[in-house]
$ cat input-v1.cif   # mmCIF, C-alpha atoms and all ligand atoms
data_model
#
loop_
_atom_site.group_PDB
_atom_site.id
_atom_site.type_symbol
_atom_site.label_atom_id
_atom_site.label_comp_id
_atom_site.auth_asym_id
_atom_site.auth_seq_id
_atom_site.Cartn_x
_atom_site.Cartn_y
_atom_site.Cartn_z
ATOM 1 C CA MET T 504 0.000 0.000 0.000
ATOM 2 C CA HIS T 505 1.353 3.413 -0.855
ATOM 3 C CA PHE T 506 0.148 6.798 0.329
ATOM 4 C CA GLU T 507 -0.071 9.905 -1.820
ATOM 5 C CA PRO T 508 0.714 13.286 -0.277
ATOM 6 C CA GLY T 509 -2.271 14.901 1.473
ATOM 7 C CA HIS T 510 -4.901 13.846 3.988
ATOM 8 C CA THR T 511 -6.460 10.397 4.207
ATOM 9 C CA VAL T 512 -10.248 10.309 4.466
ATOM 10 C CA GLY T 513 -13.032 7.765 4.847
ATOM 11 C CA ILE T 514 -15.955 7.934 2.427
ATOM 12 C CA ASP T 515 -19.407 6.363 2.700
ATOM 13 C CA LEU T 516 -20.603 6.237 -0.897
ATOM 14 C CA GLY T 517 -24.310 5.594 -0.368
ATOM 15 C CA THR T 518 -27.164 4.905 -2.771
ATOM 16 C CA THR T 519 -29.012 8.033 -1.654
ATOM 17 C CA PHE T 520 -26.536 9.973 0.503
ATOM 18 C CA SER T 521 -22.753 10.099 0.782
ATOM 19 C CA ALA T 522 -20.427 11.429 3.459
ATOM 20 C CA ILE T 523 -16.708 12.053 4.003
ATOM 21 C CA ALA T 524 -14.832 11.962 7.306
ATOM 22 C CA ILE T 525 -11.341 12.432 8.667
ATOM 23 C CA LEU T 526 -9.507 11.644 11.884
ATOM 24 C CA ASP T 527 -8.780 14.914 13.691
ATOM 25 C CA ASP T 528 -5.527 15.768 15.473
ATOM 26 C CA GLU T 529 -6.589 13.687 18.469
ATOM 27 C CA GLY T 530 -7.443 10.714 16.261
ATOM 28 C CA LYS T 531 -11.199 11.255 16.601
ATOM 29 C CA PRO T 532 -13.386 10.689 13.531
ATOM 30 C CA ARG T 533 -15.106 13.830 12.285
ATOM 31 C CA VAL T 534 -17.495 14.180 9.368
ATOM 32 C CA ILE T 535 -16.602 17.082 7.081
ATOM 33 C CA PRO T 536 -19.703 19.031 5.985
ATOM 34 C CA ASN T 537 -20.186 19.957 2.323
ATOM 35 C CA GLU T 538 -20.181 23.556 1.137
ATOM 36 C CA ASP T 539 -23.829 23.961 2.170
ATOM 37 C CA GLY T 540 -22.930 22.886 5.719
ATOM 38 C CA ASP T 541 -24.634 19.463 5.438
ATOM 39 C CA ILE T 542 -22.868 16.341 6.695
ATOM 40 C CA GLU T 543 -24.505 14.270 3.964
ATOM 41 C CA THR T 544 -24.509 15.013 0.252
ATOM 42 C CA ALA T 545 -27.334 13.591 -1.871
ATOM 43 C CA SER T 546 -25.941 10.978 -4.279
ATOM 44 C CA VAL T 547 -27.800 12.726 -7.095
ATOM 45 C CA ILE T 548 -26.366 14.274 -10.238
ATOM 46 C CA LEU T 549 -27.934 16.827 -12.548
ATOM 47 C CA LEU T 550 -26.546 16.857 -16.049
ATOM 48 C CA ALA T 551 -26.812 20.394 -17.336
ATOM 49 C CA ASP T 552 -26.019 21.800 -20.755
ATOM 50 C CA SER T 553 -22.526 22.107 -22.190
ATOM 51 C CA GLY T 554 -21.013 19.367 -20.066
ATOM 52 C CA HIS T 555 -21.812 21.041 -16.771
ATOM 53 C CA VAL T 556 -22.868 18.891 -13.781
ATOM 54 C CA ILE T 557 -24.365 19.647 -10.376
ATOM 55 C CA VAL T 558 -23.770 17.072 -7.651
ATOM 56 C CA GLY T 559 -26.003 16.803 -4.570
ATOM 57 C CA PRO T 560 -28.652 19.385 -5.524
ATOM 58 C CA ASN T 561 -31.328 20.148 -2.956
ATOM 59 C CA ARG T 562 -34.640 18.265 -3.157
ATOM 60 C CA MET T 563 -36.619 21.035 -4.821
ATOM 61 C CA ARG T 564 -33.988 21.591 -7.486
ATOM 62 C CA ALA T 565 -33.759 17.875 -8.282
ATOM 63 C CA ALA T 566 -37.546 17.342 -8.312
ATOM 64 C CA MET T 567 -38.153 20.196 -10.760
ATOM 65 C CA GLU T 568 -35.371 19.198 -13.151
ATOM 66 C CA ASP T 569 -36.096 17.386 -16.431
ATOM 67 C CA PRO T 570 -35.933 13.691 -15.344
ATOM 68 C CA GLN T 571 -33.775 12.934 -18.400
ATOM 69 C CA ASN T 572 -31.027 15.003 -16.809
ATOM 70 C CA VAL T 573 -31.157 13.447 -13.340
ATOM 71 C CA ILE T 574 -29.060 10.464 -12.265
ATOM 72 C CA GLU T 575 -29.964 8.750 -8.988
ATOM 73 C CA ARG T 576 -29.214 5.410 -7.292
ATOM 74 C CA ILE T 577 -26.068 4.848 -9.349
ATOM 75 C CA LYS T 578 -24.643 2.522 -6.667
ATOM 76 C CA ARG T 579 -27.141 -0.091 -7.841
ATOM 77 C CA TYR T 580 -25.417 -0.184 -11.231
ATOM 78 C CA MET T 581 -21.811 -0.318 -10.058
ATOM 79 C CA GLY T 582 -19.920 -3.105 -11.796
ATOM 80 C CA MET T 583 -22.713 -3.706 -14.308
ATOM 81 C CA PRO T 584 -21.297 -3.535 -17.849
ATOM 82 C CA ASP T 585 -24.765 -3.167 -19.433
ATOM 83 C CA TYR T 586 -25.447 0.257 -17.934
ATOM 84 C CA ARG T 587 -25.911 2.831 -20.716
ATOM 85 C CA ARG T 588 -26.181 6.560 -20.317
ATOM 86 C CA THR T 589 -24.878 9.341 -22.481
ATOM 87 C CA PHE T 590 -23.935 12.843 -21.555
ATOM 88 C CA ASP T 591 -22.648 15.564 -23.814
ATOM 89 C CA GLY T 592 -22.462 13.059 -26.670
ATOM 90 C CA ARG T 593 -20.338 10.591 -24.722
ATOM 91 C CA GLU T 594 -21.229 7.308 -23.081
ATOM 92 C CA ILE T 595 -20.691 7.476 -19.317
ATOM 93 C CA SER T 596 -20.193 4.569 -16.921
ATOM 94 C CA PRO T 597 -21.419 4.041 -13.336
ATOM 95 C CA GLU T 598 -17.786 4.440 -12.225
ATOM 96 C CA PHE T 599 -17.566 7.813 -13.916
ATOM 97 C CA ILE T 600 -20.873 8.946 -12.386
ATOM 98 C CA SER T 601 -19.864 7.767 -8.902
ATOM 99 C CA ALA T 602 -16.559 9.562 -9.415
ATOM 100 C CA LEU T 603 -18.506 12.818 -9.816
ATOM 101 C CA ILE T 604 -19.986 12.282 -6.339
ATOM 102 C CA LEU T 605 -16.582 11.411 -4.858
ATOM 103 C CA LYS T 606 -15.017 14.440 -6.517
ATOM 104 C CA LYS T 607 -17.668 16.734 -5.081
ATOM 105 C CA LEU T 608 -17.046 15.318 -1.581
ATOM 106 C CA ARG T 609 -13.298 15.690 -2.050
ATOM 107 C CA GLN T 610 -13.426 19.237 -3.397
ATOM 108 C CA ASP T 611 -15.842 20.528 -0.734
ATOM 109 C CA ALA T 612 -13.718 18.943 2.005
ATOM 110 C CA GLU T 613 -10.451 20.242 0.540
ATOM 111 C CA LYS T 614 -11.742 23.812 0.854
ATOM 112 C CA GLN T 615 -11.756 23.207 4.606
ATOM 113 C CA ILE T 616 -8.842 20.894 5.334
ATOM 114 C CA GLY T 617 -6.476 21.201 2.353
ATOM 115 C CA LYS T 618 -5.308 18.562 -0.071
ATOM 116 C CA ILE T 619 -6.718 15.044 0.177
ATOM 117 C CA GLY T 620 -4.598 12.300 -1.358
ATOM 118 C CA ASN T 621 -5.970 9.005 -0.054
ATOM 119 C CA ALA T 622 -9.286 7.447 0.801
ATOM 120 C CA VAL T 623 -10.934 4.378 2.258
ATOM 121 C CA VAL T 624 -14.321 3.840 0.597
ATOM 122 C CA THR T 625 -17.045 1.618 2.043
ATOM 123 C CA VAL T 626 -19.180 -0.898 0.133
ATOM 124 C CA PRO T 627 -21.926 -3.374 1.133
ATOM 125 C CA TYR T 628 -20.499 -6.622 2.504
ATOM 126 C CA TYR T 629 -21.839 -8.657 -0.372
ATOM 127 C CA PHE T 630 -20.614 -6.385 -3.163
ATOM 128 C CA ASN T 631 -18.834 -8.799 -5.520
ATOM 129 C CA ASP T 632 -15.364 -8.242 -6.956
ATOM 130 C CA ALA T 633 -16.661 -6.407 -10.043
ATOM 131 C CA ARG T 634 -18.630 -3.963 -7.897
ATOM 132 C CA ARG T 635 -15.680 -3.432 -5.543
ATOM 133 C CA LYS T 636 -13.350 -2.824 -8.450
ATOM 134 C CA ALA T 637 -15.831 -0.347 -9.959
ATOM 135 C CA THR T 638 -15.866 1.526 -6.632
ATOM 136 C CA GLN T 639 -12.071 1.573 -6.572
ATOM 137 C CA ASP T 640 -11.989 2.845 -10.159
ATOM 138 C CA ALA T 641 -14.477 5.595 -9.270
ATOM 139 C CA GLY T 642 -12.083 6.762 -6.560
ATOM 140 C CA ARG T 643 -9.204 6.808 -8.984
ATOM 141 C CA ILE T 644 -11.191 8.791 -11.556
ATOM 142 C CA ALA T 645 -12.018 11.272 -8.772
ATOM 143 C CA GLY T 646 -8.303 11.785 -8.150
ATOM 144 C CA LEU T 647 -8.119 9.710 -4.976
ATOM 145 C CA ASN T 648 -5.647 6.989 -4.119
ATOM 146 C CA VAL T 649 -8.038 4.353 -2.740
ATOM 147 C CA ILE T 650 -5.972 2.596 -0.081
ATOM 148 C CA ASP T 651 -8.784 0.282 0.958
ATOM 149 C CA ILE T 652 -12.327 -0.781 0.180
ATOM 150 C CA MET T 653 -14.002 -1.522 3.509
ATOM 151 C CA ASN T 654 -17.245 -3.347 4.204
ATOM 152 C CA GLU T 655 -19.993 -1.083 5.558
ATOM 153 C CA PRO T 656 -20.868 -3.355 8.537
ATOM 154 C CA THR T 657 -17.183 -3.483 9.471
ATOM 155 C CA ALA T 658 -17.025 0.316 9.372
ATOM 156 C CA ALA T 659 -20.147 0.472 11.559
ATOM 157 C CA THR T 660 -18.591 -1.972 14.029
ATOM 158 C CA LEU T 661 -15.365 0.057 14.100
ATOM 159 C CA THR T 662 -17.386 3.145 14.999
ATOM 160 C CA TYR T 663 -19.302 1.256 17.648
ATOM 161 C CA ALA T 664 -16.140 -0.226 19.184
ATOM 162 C CA TYR T 665 -14.526 3.204 19.076
ATOM 163 C CA ARG T 666 -17.455 4.771 20.943
ATOM 164 C CA GLU T 667 -17.340 1.969 23.503
ATOM 165 C CA GLY T 668 -13.667 2.847 24.064
ATOM 166 C CA VAL T 669 -12.540 -0.632 23.006
ATOM 167 C CA LEU T 670 -11.005 -0.036 19.570
ATOM 168 C CA GLY T 671 -7.220 -0.250 19.576
ATOM 169 C CA ASN T 672 -7.159 0.187 23.347
ATOM 170 C CA PRO T 673 -4.844 -2.374 24.965
ATOM 171 C CA GLU T 674 -6.116 -1.230 28.386
ATOM 172 C CA ALA T 675 -9.686 -2.197 27.490
ATOM 173 C CA ARG T 676 -10.474 -5.239 29.534
ATOM 174 C CA VAL T 677 -11.959 -7.554 26.971
ATOM 175 C CA ASP T 678 -11.724 -11.110 28.213
ATOM 176 C CA GLN T 679 -13.922 -12.497 25.478
ATOM 177 C CA PRO T 680 -14.459 -11.270 21.933
ATOM 178 C CA LYS T 681 -17.687 -9.283 21.726
ATOM 179 C CA LYS T 682 -20.433 -9.824 19.201
ATOM 180 C CA VAL T 683 -22.524 -7.085 17.616
ATOM 181 C CA LEU T 684 -25.411 -7.184 15.190
ATOM 182 C CA VAL T 685 -25.254 -4.469 12.534
ATOM 183 C CA TYR T 686 -28.645 -3.702 10.970
ATOM 184 C CA ASP T 687 -28.367 -1.358 8.017
ATOM 185 C CA LEU T 688 -31.502 -0.496 6.104
ATOM 186 C CA GLY T 689 -30.096 2.077 3.710
ATOM 187 C CA GLY T 690 -31.504 3.892 0.723
ATOM 188 C CA GLY T 691 -30.771 1.120 -1.733
ATOM 189 C CA THR T 692 -29.425 -1.853 0.174
ATOM 190 C CA PHE T 693 -30.370 -3.826 3.248
ATOM 191 C CA ASP T 694 -28.064 -6.010 5.296
ATOM 192 C CA VAL T 695 -27.811 -7.592 8.684
ATOM 193 C CA THR T 696 -24.378 -8.725 9.844
ATOM 194 C CA VAL T 697 -22.980 -10.317 12.978
ATOM 195 C CA VAL T 698 -19.423 -9.179 13.701
ATOM 196 C CA GLU T 699 -17.135 -10.478 16.411
ATOM 197 C CA TYR T 700 -14.500 -8.076 17.621
ATOM 198 C CA THR T 701 -11.635 -7.565 20.038
ATOM 199 C CA PRO T 702 -9.673 -4.283 20.378
ATOM 200 C CA THR T 703 -7.572 -5.254 17.377
ATOM 201 C CA GLN T 704 -9.494 -7.805 15.330
ATOM 202 C CA PHE T 705 -12.812 -7.883 13.513
ATOM 203 C CA ARG T 706 -14.400 -10.970 12.049
ATOM 204 C CA VAL T 707 -17.690 -11.221 10.184
ATOM 205 C CA LEU T 708 -19.476 -14.337 11.467
ATOM 206 C CA ALA T 709 -22.594 -14.133 9.335
ATOM 207 C CA THR T 710 -24.272 -11.744 6.962
ATOM 208 C CA ASP T 711 -27.297 -11.636 4.740
ATOM 209 C CA GLY T 712 -29.297 -9.033 2.964
ATOM 210 C CA ASP T 713 -30.618 -7.756 -0.289
ATOM 211 C CA VAL T 714 -28.571 -5.554 -2.582
ATOM 212 C CA GLN T 715 -31.752 -4.403 -4.336
ATOM 213 C CA LEU T 716 -33.860 -3.465 -1.296
ATOM 214 C CA GLY T 717 -33.846 -0.171 0.541
ATOM 215 C CA GLY T 718 -35.759 2.986 1.404
ATOM 216 C CA VAL T 719 -36.116 3.932 -2.261
ATOM 217 C CA ASP T 720 -38.138 0.762 -2.858
ATOM 218 C CA GLY T 721 -40.502 1.791 -0.066
ATOM 219 C CA ASN T 722 -40.891 5.136 -1.824
ATOM 220 C CA ASP T 723 -41.707 3.387 -5.098
ATOM 221 C CA ARG T 724 -44.418 1.283 -3.395
ATOM 222 C CA LEU T 725 -45.945 4.423 -1.903
ATOM 223 C CA LEU T 726 -45.775 6.105 -5.291
ATOM 224 C CA ASP T 727 -47.685 3.199 -6.862
ATOM 225 C CA TYR T 728 -50.275 3.404 -4.105
ATOM 226 C CA VAL T 729 -50.867 7.120 -4.692
ATOM 227 C CA ALA T 730 -50.818 6.788 -8.498
ATOM 228 C CA ASP T 731 -53.277 3.870 -8.396
ATOM 229 C CA ALA T 732 -55.643 5.924 -6.227
ATOM 230 C CA PHE T 733 -55.319 8.826 -8.646
ATOM 231 C CA LYS T 734 -56.016 6.606 -11.638
ATOM 232 C CA GLN T 735 -59.054 5.104 -9.998
ATOM 233 C CA ARG T 736 -60.483 8.543 -9.247
ATOM 234 C CA HIS T 737 -59.601 10.392 -12.448
ATOM 235 C CA GLY T 738 -58.969 7.670 -15.026
ATOM 236 C CA ILE T 739 -55.461 8.878 -15.916
ATOM 237 C CA ASP T 740 -52.141 7.686 -14.570
ATOM 238 C CA PRO T 741 -49.652 10.256 -13.235
ATOM 239 C CA ARG T 742 -46.870 7.703 -13.870
ATOM 240 C CA GLU T 743 -47.218 8.492 -17.596
ATOM 241 C CA SER T 744 -45.121 11.572 -16.899
ATOM 242 C CA PRO T 745 -41.485 11.041 -15.859
ATOM 243 C CA GLN T 746 -41.564 14.503 -14.283
ATOM 244 C CA MET T 747 -44.593 13.507 -12.152
ATOM 245 C CA ILE T 748 -42.860 10.290 -11.079
ATOM 246 C CA GLN T 749 -39.893 12.313 -9.909
ATOM 247 C CA ILE T 750 -42.014 14.795 -7.970
ATOM 248 C CA LEU T 751 -44.212 12.095 -6.421
ATOM 249 C CA ARG T 752 -41.200 10.005 -5.439
ATOM 250 C CA ASN T 753 -39.793 12.937 -3.551
ATOM 251 C CA ASP T 754 -43.146 13.666 -1.875
ATOM 252 C CA CYS T 755 -43.492 9.999 -0.891
ATOM 253 C CA ASP T 756 -40.004 10.044 0.648
ATOM 254 C CA LEU T 757 -40.892 13.120 2.722
ATOM 255 C CA ALA T 758 -44.223 11.585 3.775
ATOM 256 C CA LYS T 759 -42.503 8.359 4.830
ATOM 257 C CA ILE T 760 -39.977 10.255 6.940
ATOM 258 C CA GLU T 761 -42.762 12.321 8.484
ATOM 259 C CA LEU T 762 -44.487 9.104 9.561
ATOM 260 C CA SER T 763 -41.563 8.389 11.904
ATOM 261 C CA GLU T 764 -42.880 11.183 14.097
ATOM 262 C CA LYS T 765 -46.570 11.393 13.229
ATOM 263 C CA THR T 766 -49.259 8.747 12.910
ATOM 264 C CA GLU T 767 -50.801 10.333 9.822
ATOM 265 C CA THR T 768 -49.752 12.374 6.833
ATOM 266 C CA VAL T 769 -51.195 13.502 3.499
ATOM 267 C CA ILE T 770 -49.658 13.227 0.028
ATOM 268 C CA HIS T 771 -51.052 15.695 -2.499
ATOM 269 C CA CYS T 772 -51.007 14.619 -6.122
ATOM 270 C CA ARG T 773 -51.832 17.122 -8.846
ATOM 271 C CA TYR T 774 -51.676 16.108 -12.510
ATOM 272 C CA GLU T 775 -53.285 17.388 -15.723
ATOM 273 C CA GLY T 776 -55.482 19.831 -13.802
ATOM 274 C CA ARG T 777 -56.862 17.154 -11.486
ATOM 275 C CA ALA T 778 -55.903 16.364 -7.918
ATOM 276 C CA ILE T 779 -56.301 14.003 -4.982
ATOM 277 C CA ASP T 780 -55.113 13.852 -1.392
ATOM 278 C CA VAL T 781 -54.088 10.417 -0.170
HETATM 279 N N1 LIG A 1 -37.217 8.756 9.516
HETATM 280 C C1 LIG A 1 -37.133 7.921 8.501
HETATM 281 N N2 LIG A 1 -38.038 6.926 8.346
HETATM 282 C C2 LIG A 1 -37.969 6.071 7.315
HETATM 283 N N3 LIG A 1 -37.006 6.124 6.367
HETATM 284 C C3 LIG A 1 -36.091 7.094 6.487
HETATM 285 C C4 LIG A 1 -36.094 8.039 7.546
HETATM 286 N N4 LIG A 1 -35.044 8.884 7.382
HETATM 287 C C5 LIG A 1 -34.409 8.481 6.266
HETATM 288 N N5 LIG A 1 -35.035 7.429 5.719
HETATM 289 C C6 LIG A 1 -34.682 6.720 4.489
HETATM 290 O O1 LIG A 1 -33.379 6.201 4.617
HETATM 291 C C7 LIG A 1 -32.777 6.124 3.337
HETATM 292 C C8 LIG A 1 -31.390 6.724 3.420
HETATM 293 O O2 LIG A 1 -30.632 5.983 4.322
HETATM 294 P P1 LIG A 1 -29.041 5.982 4.262
HETATM 295 O O3 LIG A 1 -28.523 7.375 4.194
HETATM 296 O O4 LIG A 1 -28.576 5.080 5.354
HETATM 297 O O5 LIG A 1 -28.839 5.248 2.861
HETATM 298 P P2 LIG A 1 -27.548 5.189 1.942
HETATM 299 O O6 LIG A 1 -26.342 5.026 2.777
HETATM 300 O O7 LIG A 1 -27.600 6.308 0.966
HETATM 301 O O8 LIG A 1 -27.852 3.869 1.094
HETATM 302 P P3 LIG A 1 -27.076 2.441 1.036
HETATM 303 O O9 LIG A 1 -26.356 2.247 2.315
HETATM 304 O O10 LIG A 1 -28.214 1.472 0.830
HETATM 305 O O11 LIG A 1 -26.206 2.523 -0.147
HETATM 306 C C9 LIG A 1 -33.666 6.902 2.363
HETATM 307 O O12 LIG A 1 -34.372 5.973 1.548
HETATM 308 C C10 LIG A 1 -34.624 7.632 3.278
HETATM 309 O O13 LIG A 1 -35.918 7.755 2.707
HETATM 310 MG MG MG A 2 -25.449 3.358 3.692
#

$ encode --input "input-v1.cif" --output "structure tokens"
Amino acid sequence: MHFEPGHTVGIDLGTTFSAIAILDDEGKPRVIPNEDGDIETASVILLADSGHVIVGPNRMRAAMEDPQNVIERIKRYMGMPDYRRTFDGREISPEFISALILKKLRQDAEKQIGKIGNAVVTVPYYFNDARRKATQDAGRIAGLNVIDIMNEPTAATLTYAYREGVLGNPEARVDQPKKVLVYDLGGGTFDVTVVEYTPTQFRVLATDGDVQLGGVDGNDRLLDYVADAFKQRHGIDPRESPQMIQILRNDCDLAKIELSEKTETVIHCRYEGRAIDV
């Protein structure tokens, strides 16, 4: 393993949100906010005219954009050779698109901490070799020397062990290895992993999950529910319009999140001069 000059960071390249962190002078992990002050950047890309791109736009901006110019959920396509998308007359790969997200994270962070040379990037435990390699390539395209690809449940366990004061602490009195269950229902992937750890060693004992199941799928089910209700009432389907799908998907996501705190919520759907509240 070789290190390039500059800081070394850890990056969580998520299906819906991504984040970048560094160890501070005391060795404590710290998430570096993006230029808007948010600790997470939406893993969304807007392809504008003349080769210009916007990474991590806010919800409103993304929902109003022409759906043809919006790229979301690219993590689902990592390592898949059949993915086809063109931009500015050129074919672009999932690695290239993910690299745009990584570059945005890097550039925003560099404005605060100075040059970043190296990165550890996390991936789902059951990402196969092709998907891991694609993630590594994305880092390289983004100008990062990827020193390691780490499994997300391992990263979560590291954080947990760190918070418990056990990680790398020879004083920690750990007679027996400890076991933790990591439950990660993300935007695009779902996995449950049992990890055994001591201050210096981590071992995955068991893992299972679904690489095609996450919060976005819940949003799509809600969207279908609302669109079906609309169709039944008005005889036309809002899913005929890609723009409507995009707007409704966003509204369904917000409604779902609201239901964590409330027992009821309303989704408004307006299309072709007609409307319903569900
Ligand atoms: N309060 C909430 N209730 C239900 N779902 C929520 C809530 N807050 C966020 N979510 C959902 O969590 C998902 C985002 O989670 P997270 O940031 O962990 O995913 P990710 O890291 O981008 O994805 P992945 O790890 O699968 O690649 C989104 O689908 C979002 O709708
Ligand atoms: Mg995640």

$ closest_residue --input "input-v1.cif" --among "T:Val714, T:Val719, T:Ile619, T:Ala778" --to "Gln735 (chain T)" --atoms "only C-alpha atoms"
T:Ala778

$ resolve_selection --input "input-v1.cif" --expression "the PyMOL selection byres (((chain T and resi 688) around 10) and not hetatm)" --output "NGL selection string"
:T and (685-687 or 689-695 or 712-713 or 716-718)

$ closest_residue --input "input-v1.cif" --among "T:Arg634, T:Ile616, T:Leu550, T:Glu568" --to "Ile600 (chain T)" --atoms "all atoms listed in the file"
T:Leu550

$ atom_distance --input "input-v1.cif" --atom1 "CA of Ile770 (chain T)" --atom2 "CA of Arg579 (chain T)"
27.3 Å

$ atom_distance --input "input-v1.cif" --atom1 "CA of Cys755 (chain T)" --atom2 "CA of Met567 (chain T)"
15.2 Å

$ closest_residue --input "input-v1.cif" --among "T:Val624, T:His555, T:Pro536, T:Leu603" --to "Leu516 (chain T)" --atoms "all atoms listed in the file"
T:Val624

$ resolve_selection --input "input-v1.cif" --expression "the PyMOL selection byres (((chain T and resi 699) around 10) and not hetatm)" --output "list in words"
Thr657, Thr660, Gln679, Pro680, Lys681, Lys682, Val683, Leu684, Thr696, Val697, Val698, Tyr700, Thr701, Gln704, Phe705, Arg706, Val707, Leu708 and Ala709 of chain T

$ residues_around --input "input-v1.cif" --residues "Tyr665 (chain T)" --least-positions-apart "5" --cutoff "10 Å" --atoms "all atoms listed in the file" --output "PyMOL selection string"
chain T and resi 531-532+659-660+670-672+702

$ closest_residue --input "input-v1.cif" --among "T:Tyr580, T:Phe520, T:Phe590, T:Tyr774" --to "ligand MG 2 (chain A)" --atoms "all atoms listed in the file"
T:Phe520

$ resolve_selection --input "input-v1.cif" --expression "the PyMOL selection byres (((chain T and resi 509) around 10) and not hetatm)" --output "ChimeraX atom specification"
/T:506-508,510-512,613,616-621
